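> Before I ask anything, here is the structure I am working with.
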Amino acid sequence: MSTLLHQPNWVNGAYQSASEERIHVINPATESAIATIDSTPLQTVNSIISSSLDNFSSGIWSKVDASTRFNVLSKAATLLRLRLPEFIDLETQQTGRPIREMKAQLSRVPEWLEYFASLARTHEGRVTPFKGPVVNTLIRLPLGVVVQITPWNHPLLIATKKIAAALAAGNSVIVKPSESAPLSVLKMGQLFQEAGLPDGTLQIVSGYGRETGKFLCESSLISKIDLTGGLATYAAIAPTASKHLIPIIAELGGKAPVCMFPSISVEKGVKAALFASFIASGQTCVTGSRLLIHSDIYDEFVDLLVRRTKNLRVGAPTDEKTQIGAVISRASVERCSAFVSQSIDEGGKVLCGGSPTSVDGKGYFFQPTLVETKASSNLACNEVFGPVIALVRCESEEEIVKVANATSFALGASVWTNDFSQAHRVAENIDSGIVWINGHHLNDPSSPWGGFKESGLGKENGIEAFESYTKVKSTIINYGQEPTWFDDEVENARPRLSPNTNQ
Ligand code: TXE
């Protein structure tokens, strides 16, 4: 008999199974199943949406004082901090990412709850300079039931970012975590209940994207979709959402350039590139997947980079010394291999790595790989979402900027230089939602995060994210002038307009 843990959906304040159909969650580093989750069918999805609507209409969360929202979100942060070790363990198992990375990342996740708690508490409405004896107040109201579709690469961080912003604004939230790594997110249900969140305000529903995710996104009863995932997923959900006028925030792929200029020391630049490129085995939307290196330092830089890359410790994610863990699936390993072969066909040169590997004969691992290639190659233009990095030699600042802007993505970019003017010039000319100068992967709950072009729509984090979970209501109070009227006299029976109507 199987002893595998089953982790059901979190619905209306309790863990409850949606159906007999189960999905196995696999540890990518061992290829073993670690738990099962529900595959939630359409009927259950519809009844969850209906409970969430009841929750929203009841006002139990949508109309509470800002101080209550502040207290609940702050308490959730405190509880999460206390329980970090169990979440870190789960996250390491389900993603295959090294425990040292998960410790670093998860220790910051409570900050998102605290930040949005503070926004809930301090956000104020506005009064516009309306003409005449009129007071016009603008207040922000929650949207309704919002759906959040989250990925496997940073399961807890990304879900918490979205949940915190939506709850702070007073929405009722339904989260569909990735079927590949849902466990830490499902665990948050109970934690929020303990923090005082009313039952039914946060529902966490498991299932495949093409089924459960699709059912959620196709509902006409929801008020927003917040997706982090692939462009194909956005394209699949957008038509129905647009038919129902449902706004979408989309955080999609990227092909972040790491722009290395001669004024940076090679030692520092190489360290920066290793961090930008190989954290999470290259599976982040802002992975420094293109190293655009100025020719003045190219040879020395690449020589050191290759030596350091070969020394990276690929290993069991649970081992504190491991620097490179697994990738998420066998399909991901195959995708990395396909990119490498194609880049060779296109004339690229593999400088190190290039092959699948394993730990104790198991797991979905791929060697950290550097490929010298042309700026126009498939590898330099398209997202691998794995540890296969394109190196491009560039002759000038102008060429670096040109190559940096030459993909359909525009999410993150980093500029490495000690020349102050150059740093600003290049940052200004790179068309990208986020540009770091002498940094990469830097993130903070207050800092808007989102891309241009095919990298997405809208922002996570910051006041932008909070406001995007609200709608503005304008109340116009006339305290002086006569209302607009029709003349009493029949011969003059045409409307006399007050000076500030446009009717
Ligand atoms: O994403 P999917 P995948 C990018 C990256 C990666 C590619 C594919 O380029 O290679 O996407 O990764 C749900 N209706 N990013 O396949 O499938 C799915 O269940 C509703 C970038 O993992 O988009 C999961 O919960 N939902 C990225 C979520 O979408 C659907 C993070 C993401 O899965 C659905 C991950 C549908 N029709 C991938 N189809 C980042 N920006 O960090 C799928 N889903």
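Chain identifiers are assigned as A, B, and so on, following the order in which chains appear in the structure tokens; residues are numbered from 1 within each chain, and ligands are numbered from 1 in order of appearance.
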All residues within 6 Å of ligand 1 are required, counting only C-alpha atoms and all ligand atoms; please report them as a ChimeraX atom specification.
/A:149-151,153,176-179,208-210,213-214,228-230,233,236-237,251-253,284-285,383,385
> Just the residues within 12 Å of Trp416 in chain A, please, counting only C-alpha atoms, with nothing from its chain fewer than 3 positions along; format it as a PyMOL selection string.
chain A and resi 257-266+268-273+276+291-294+397+400+413+419-420+422-424+426-427+435-440
> Based on the selection just made, write N, CA and C atoms of those residues as a short mmCIF file (atom, residue, chain, number, x, y, z; two decimals), in the first residue's frame.

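As written to disk, out-v3.cif reads:
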data_model
loop_
_atom_site.label_atom_id
_atom_site.label_comp_id
_atom_site.auth_asym_id
_atom_site.auth_seq_id
_atom_site.Cartn_x
_atom_site.Cartn_y
_atom_site.Cartn_z
N PRO A 257 20.10 39.98 -20.92
CA PRO A 257 21.50 40.18 -21.26
C PRO A 257 22.30 40.63 -20.03
N VAL A 258 23.51 40.14 -19.93
CA VAL A 258 24.44 40.60 -18.89
C VAL A 258 25.53 41.33 -19.68
N CYS A 259 25.57 42.66 -19.55
CA CYS A 259 26.44 43.47 -20.41
C CYS A 259 27.73 43.78 -19.65
N MET A 260 28.83 43.24 -20.13
CA MET A 260 30.12 43.38 -19.43
C MET A 260 31.03 44.36 -20.16
N PHE A 261 31.40 45.43 -19.46
CA PHE A 261 32.24 46.45 -20.06
C PHE A 261 33.67 46.38 -19.49
N PRO A 262 34.64 46.91 -20.23
CA PRO A 262 36.04 46.74 -19.85
C PRO A 262 36.42 47.34 -18.50
N SER A 263 35.67 48.34 -18.01
CA SER A 263 36.09 48.97 -16.76
C SER A 263 35.84 48.09 -15.55
N ILE A 264 35.10 47.03 -15.72
CA ILE A 264 34.82 46.16 -14.58
C ILE A 264 35.97 45.16 -14.44
N SER A 265 36.36 44.82 -13.21
CA SER A 265 37.47 43.87 -13.11
C SER A 265 36.96 42.50 -13.56
N VAL A 266 37.83 41.77 -14.23
CA VAL A 266 37.42 40.48 -14.77
C VAL A 266 36.98 39.55 -13.63
N LYS A 268 35.61 40.31 -10.75
CA LYS A 268 34.27 40.69 -10.29
C LYS A 268 33.20 40.34 -11.34
N GLY A 269 33.53 40.61 -12.58
CA GLY A 269 32.58 40.34 -13.66
C GLY A 269 32.25 38.85 -13.77
N VAL A 270 33.26 38.03 -13.60
CA VAL A 270 33.04 36.58 -13.72
C VAL A 270 32.15 36.10 -12.58
N LYS A 271 32.43 36.57 -11.38
CA LYS A 271 31.58 36.20 -10.23
C LYS A 271 30.14 36.60 -10.51
N ALA A 272 29.99 37.82 -11.02
CA ALA A 272 28.65 38.34 -11.30
C ALA A 272 27.94 37.48 -12.34
N ALA A 273 28.68 37.11 -13.36
CA ALA A 273 28.07 36.32 -14.44
C ALA A 273 27.66 34.93 -13.94
N ALA A 276 24.48 35.48 -11.99
CA ALA A 276 23.36 35.87 -12.86
C ALA A 276 22.85 34.67 -13.67
N LEU A 291 25.52 36.47 -22.18
CA LEU A 291 26.63 37.29 -21.68
C LEU A 291 27.18 38.06 -22.88
N LEU A 292 26.98 39.36 -22.87
CA LEU A 292 27.45 40.21 -23.97
C LEU A 292 28.72 40.88 -23.48
N ILE A 293 29.85 40.40 -23.98
CA ILE A 293 31.13 40.79 -23.39
C ILE A 293 31.92 41.64 -24.38
N HIS A 294 32.38 42.78 -23.88
CA HIS A 294 33.16 43.69 -24.73
C HIS A 294 34.46 43.01 -25.15
N GLU A 397 30.19 49.59 -27.21
CA GLU A 397 29.00 49.84 -26.38
C GLU A 397 27.74 49.80 -27.25
N ILE A 400 26.76 46.29 -27.97
CA ILE A 400 26.17 45.63 -26.79
C ILE A 400 24.70 46.03 -26.64
N ALA A 413 17.79 43.01 -17.36
CA ALA A 413 19.10 43.19 -18.02
C ALA A 413 20.05 43.72 -16.95
N ASP A 419 32.18 52.90 -15.21
CA ASP A 419 32.06 54.20 -15.85
C ASP A 419 30.63 54.70 -15.62
N PHE A 420 30.52 55.69 -14.76
CA PHE A 420 29.24 56.21 -14.31
C PHE A 420 28.34 56.65 -15.48
N GLN A 422 28.61 55.78 -18.62
CA GLN A 422 28.26 54.63 -19.45
C GLN A 422 27.11 53.84 -18.81
N ALA A 423 27.17 53.67 -17.50
CA ALA A 423 26.14 52.91 -16.79
C ALA A 423 24.76 53.51 -17.07
N HIS A 424 24.67 54.83 -16.92
CA HIS A 424 23.38 55.48 -17.13
C HIS A 424 22.95 55.44 -18.58
N VAL A 426 23.78 53.30 -20.97
CA VAL A 426 23.39 51.96 -21.43
C VAL A 426 22.05 51.58 -20.80
N ALA A 427 21.89 51.84 -19.50
CA ALA A 427 20.63 51.50 -18.83
C ALA A 427 19.46 52.21 -19.52
N VAL A 435 16.32 47.09 -15.23
CA VAL A 435 17.75 47.14 -15.56
C VAL A 435 18.52 47.27 -14.25
N TRP A 436 19.44 46.37 -14.03
CA TRP A 436 20.32 46.50 -12.86
C TRP A 436 21.65 47.09 -13.32
N ILE A 437 22.22 47.94 -12.50
CA ILE A 437 23.58 48.42 -12.76
C ILE A 437 24.46 47.84 -11.67
N ASN A 438 25.47 47.10 -12.09
CA ASN A 438 26.37 46.40 -11.16
C ASN A 438 25.60 45.54 -10.16
N GLY A 439 24.64 44.82 -10.65
CA GLY A 439 23.86 43.89 -9.84
C GLY A 439 23.06 43.01 -10.78
N HIS A 440 22.47 41.94 -10.24
CA HIS A 440 21.58 41.09 -11.03
C HIS A 440 20.71 40.34 -10.03
#
> Any idea what the distance is between CA of Leu167 in chain A and CA of Leu202 in chain A?
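Going from CA of Leu167 in chain A over to CA of Leu202 in chain A covers 8.4 Å.
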> What are the nearest atom pairs, with distances in Å to one decimal, for all residues of range 347-444 of chain A that come at most 12 Å from range 460-482 of chain A, using only C-alpha atoms, set out by chain and rising residue number as CSV?

residue,atom,partner,partner_atom,distance
A:Gly433,CA,A:Glu460,CA,11.3
A:Ile434,CA,A:Glu460,CA,11.8
A:Asn443,CA,A:Asn461,CA,9.2
A:Asp444,CA,A:Asn461,CA,7.6
> What's the 9 Å shell around range 308-311 of chain A, counting only C-alpha atoms, without same-chain residues fewer than 6 positions away, as a PyMOL selection string?
chain A and resi 270-271+274+352-353+367-370
> With N, CA, C and O atoms retained, export the selected residues as a PDB file, in the first residue's frame.

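Result file again_39.pdb:
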ATOM      1  N   VAL A 270      33.264  38.031 -13.603  1.00  0.00           N
ATOM      2  CA  VAL A 270      33.037  36.583 -13.720  1.00  0.00           C
ATOM      3  C   VAL A 270      32.148  36.097 -12.576  1.00  0.00           C
ATOM      4  O   VAL A 270      31.209  35.325 -12.783  1.00  0.00           O
ATOM      5  N   LYS A 271      32.431  36.566 -11.377  1.00  0.00           N
ATOM      6  CA  LYS A 271      31.579  36.195 -10.232  1.00  0.00           C
ATOM      7  C   LYS A 271      30.137  36.596 -10.505  1.00  0.00           C
ATOM      8  O   LYS A 271      29.195  35.850 -10.259  1.00  0.00           O
ATOM      9  N   LEU A 274      28.484  34.329 -13.108  1.00  0.00           N
ATOM     10  CA  LEU A 274      28.132  32.998 -12.580  1.00  0.00           C
ATOM     11  C   LEU A 274      26.827  33.073 -11.792  1.00  0.00           C
ATOM     12  O   LEU A 274      25.942  32.230 -11.937  1.00  0.00           O
ATOM     13  N   CYS A 352      32.153  24.621 -22.242  1.00  0.00           N
ATOM     14  CA  CYS A 352      32.126  23.666 -21.134  1.00  0.00           C
ATOM     15  C   CYS A 352      30.707  23.165 -20.960  1.00  0.00           C
ATOM     16  O   CYS A 352      29.756  23.789 -21.408  1.00  0.00           O
ATOM     17  N   GLY A 353      30.605  21.979 -20.323  1.00  0.00           N
ATOM     18  CA  GLY A 353      29.291  21.366 -20.113  1.00  0.00           C
ATOM     19  C   GLY A 353      28.719  20.856 -21.422  1.00  0.00           C
ATOM     20  O   GLY A 353      29.448  20.382 -22.288  1.00  0.00           O
ATOM     21  N   GLN A 367      24.565  19.805 -17.025  1.00  0.00           N
ATOM     22  CA  GLN A 367      25.826  20.478 -16.670  1.00  0.00           C
ATOM     23  C   GLN A 367      25.737  21.981 -16.953  1.00  0.00           C
ATOM     24  O   GLN A 367      25.166  22.370 -17.980  1.00  0.00           O
ATOM     25  N   PRO A 368      26.312  22.796 -16.072  1.00  0.00           N
ATOM     26  CA  PRO A 368      26.397  24.234 -16.392  1.00  0.00           C
ATOM     27  C   PRO A 368      27.176  24.387 -17.699  1.00  0.00           C
ATOM     28  O   PRO A 368      28.297  23.873 -17.825  1.00  0.00           O
ATOM     29  N   THR A 369      26.565  25.075 -18.652  1.00  0.00           N
ATOM     30  CA  THR A 369      27.067  25.041 -20.029  1.00  0.00           C
ATOM     31  C   THR A 369      27.281  26.447 -20.579  1.00  0.00           C
ATOM     32  O   THR A 369      26.418  27.322 -20.404  1.00  0.00           O
ATOM     33  N   LEU A 370      28.421  26.637 -21.220  1.00  0.00           N
ATOM     34  CA  LEU A 370      28.700  27.925 -21.880  1.00  0.00           C
ATOM     35  C   LEU A 370      28.913  27.675 -23.363  1.00  0.00           C
ATOM     36  O   LEU A 370      29.704  26.787 -23.728  1.00  0.00           O
TER      37      LEU A 370
END
> Would you list the contacts of range 335-349 of chain A as a list in words, taking every protein, DNA or RNA residue within 9 Å and counting only C-alpha atoms, but skipping same-chain residues closer than 5 positions in sequence?
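Answer for this query is Arg330, Gly354, Ser355, Pro356, Phe366, Thr369, Leu370, Val371, Glu372, Thr373, Lys374, Ser377, Asn378, Leu379, Val384, Phe385, Gly386, Pro387 and Val388 of chain A.
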> Would you list, as a VMD selection string, the residues of range 328-467 of chain A that end up in strand (DSSP E) under DSSP run on this structure's backbone?
chain A and resid 349 to 352 356 to 359 362 to 366 369 to 372 388 to 394 409 to 410 412 to 416 434 to 437 452 to 453 456 to 457
> Expressed in Å to a single decimal, how great is the separation between CA of Gly363 in chain A and CA of Pro317 in chain A?
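Atom-to-atom, CA of Gly363 in chain A to CA of Pro317 in chain A, that is 10.6 Å.
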> List every residue of range 172-381 of chain A that DSSP, applied to the backbone of this structure, assigns to helix (DSSP H, G or I), and report them as a PyMOL selection string.
chain A and resi 183-194+209-217+231-243+266-282+298-310+330-345+378-381
> Looking at only C-alpha atoms, which of A:Ile174, A:Val286, A:Ala331, A:Ile389 is the one that sits closest to Leu411 in chain A?
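Under the stated criterion, the closest residue is A:Val286.
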> Near Gln193 in chain A, within 9 Å and counting only C-alpha atoms, which residues show up once chain neighbours fewer than 5 positions away are dropped, as a list in words?
Gly13, Ala76, Met188, Pro198, Asp199 and Leu202 of chain A
> Generate a file of the selected residues that holds N, CA, C and O atoms, formatted as a PDB file, in the first residue's frame.

ATOM      1  N   GLY A  13     -11.466  27.035   4.122  1.00  0.00           N
ATOM      2  CA  GLY A  13     -10.863  26.878   5.444  1.00  0.00           C
ATOM      3  C   GLY A  13     -10.555  25.448   5.853  1.00  0.00           C
ATOM      4  O   GLY A  13     -10.369  25.171   7.039  1.00  0.00           O
ATOM      5  N   ALA A  76       0.683  36.614   9.371  1.00  0.00           N
ATOM      6  CA  ALA A  76       1.091  35.560   8.426  1.00  0.00           C
ATOM      7  C   ALA A  76       2.609  35.614   8.226  1.00  0.00           C
ATOM      8  O   ALA A  76       3.280  34.572   8.153  1.00  0.00           O
ATOM      9  N   MET A 188       0.327  27.081   2.647  1.00  0.00           N
ATOM     10  CA  MET A 188       0.051  28.456   3.096  1.00  0.00           C
ATOM     11  C   MET A 188      -1.414  28.651   3.500  1.00  0.00           C
ATOM     12  O   MET A 188      -1.744  29.585   4.228  1.00  0.00           O
ATOM     13  N   PRO A 198     -10.256  35.160   7.153  1.00  0.00           N
ATOM     14  CA  PRO A 198     -11.534  34.437   7.155  1.00  0.00           C
ATOM     15  C   PRO A 198     -11.539  33.287   6.143  1.00  0.00           C
ATOM     16  O   PRO A 198     -10.979  33.414   5.038  1.00  0.00           O
ATOM     17  N   ASP A 199     -12.165  32.189   6.523  1.00  0.00           N
ATOM     18  CA  ASP A 199     -12.249  31.026   5.640  1.00  0.00           C
ATOM     19  C   ASP A 199     -12.905  31.417   4.321  1.00  0.00           C
ATOM     20  O   ASP A 199     -13.862  32.196   4.298  1.00  0.00           O
ATOM     21  N   LEU A 202      -9.085  32.853   0.865  1.00  0.00           N
ATOM     22  CA  LEU A 202      -7.984  32.319   0.047  1.00  0.00           C
ATOM     23  C   LEU A 202      -8.275  30.849  -0.222  1.00  0.00           C
ATOM     24  O   LEU A 202      -8.379  30.053   0.716  1.00  0.00           O
TER      25      LEU A 202
END
> Give me the residues near Val327 in chain A as a ChimeraX atom specification, where near means some atom within 9 Å (using only C-alpha atoms) and where sequence neighbours in that chain fewer than 5 positions away do not count.
/A:28-29,95-97,280-283,332-333,363-366,385-387
